[in-house]
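Before any comments, here is the structure.
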Amino acid sequence: MYYTIVLLTAQESITKMNRVQNPKFQVYKSSMAYRYRLKARNGRIILTGEAYTTKQGCLKGIASIQKNASQDRNYEQLMSRNHKYFFVLKAPNGEVIGTSQMYRSPSGRHTGIESVKTNALNASIEDIS
């Protein structure tokens with residue numbers, strides 16, 4: 001049995017560490033609407049929000065995500081017309097409050113759901129609008 005050992009220089013270690021971020025919601029403006037996206041520790045967008053006419057509405061949407069993300073029953077697992085897997089997060093009233101990216105497999109979609117559940121609750125909010 002052979003093992004490969006990878007040694008990183010100090011600079012490579014720092015570069016890898018700098019890519020790891022705290023999870024965060026980014027509030028941004030697109031066209032005439034405010035939106036948010038949830039970024040995981042690796043910087044990838046794992047959930048995007050609907051369009052809101054006001055920033056306050058967008059912040060309420062984030063609060064709803066944080067409140068509802070931990071409950072499995074709030075996730076609807078779907079497949080797109082081009083056979084990609086994704087999920088939506090719904091508020092208790094059935095309204096969609098977040099949509100995932102597209103995944104190649106059901107297991108990727110499951111990992112995305114777990115990432116939202118893990119990252120949403122304590123994510124900071126960054127306003128880049």
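Chain labels follow the order of the structure tokens: the first chain is A, the next B, and so on; residue numbering restarts at 1 in every chain, and ligands are counted from 1 in their shown order.
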I need the residues of chain A that end up classed as alpha helix (DSSP H) by DSSP on the backbone, written out as a ChimeraX atom specification.
/A:10-19,55-68,106-119
Counting only C-alpha atoms, what is within 7 Å of segment 46-63 of chain A, bar same-chain residues fewer than 2 positions away, as a list in words?
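Here the answer would be Ala33, Tyr34, Arg35, Tyr36, Arg37, Leu38, Lys39, Ala40, Arg44, Ile65, Gln66, Lys67, Ile97, Gly98, Thr99, Ser100, Gln101, Gly112 and Val116 of chain A.
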Which residue of A:Leu89, A:Leu78, A:Ile125, A:Met32 approaches Ser105 of chain A most closely, using only C-alpha atoms
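With only C-alpha atoms as the atom set, the closest residue is A:Leu78.
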Would you mind reading off the distance between atom CA of Arg41 of chain A and atom CA of Val88 of chain A, one decimal, in Å?
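Separation between atom CA of Arg41 of chain A and atom CA of Val88 of chain A: 20.3 Å.
When atom CA of Ala120 of chain A is paired with atom CA of Gly94 of chain A, their separation reads 19.0 Å.
Of the listed residues (A:Gln77, A:Asn93, A:Asn82, A:Ser124), A:Gln77 comes nearest to Arg109 of chain A; the distances count only C-alpha atoms.
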Considering only strand (DSSP E) as DSSP defines it on the backbone, what residues of segment 46-116 of chain A qualify? List them as a count of residues only.
18
List the spatial neighbours of Gly108 of chain A as an NGL selection string - criterion: any atom at most 10 Å away, only C-alpha atoms, same-chain residues fewer than 5 positions off excluded.
:A and (85-86 or 102-103 or 113-114)
Looking at only C-alpha atoms, which of A:Ala123, A:Met79, A:Ala69, A:Val27 is the one that sits closest to Pro106 of chain A?
A:Met79
Pick from A:Gln21, A:Ser64, A:Thr111, A:Ser129: nearest to Phe87 of chain A, with only C-alpha atoms counted?
A:Thr111
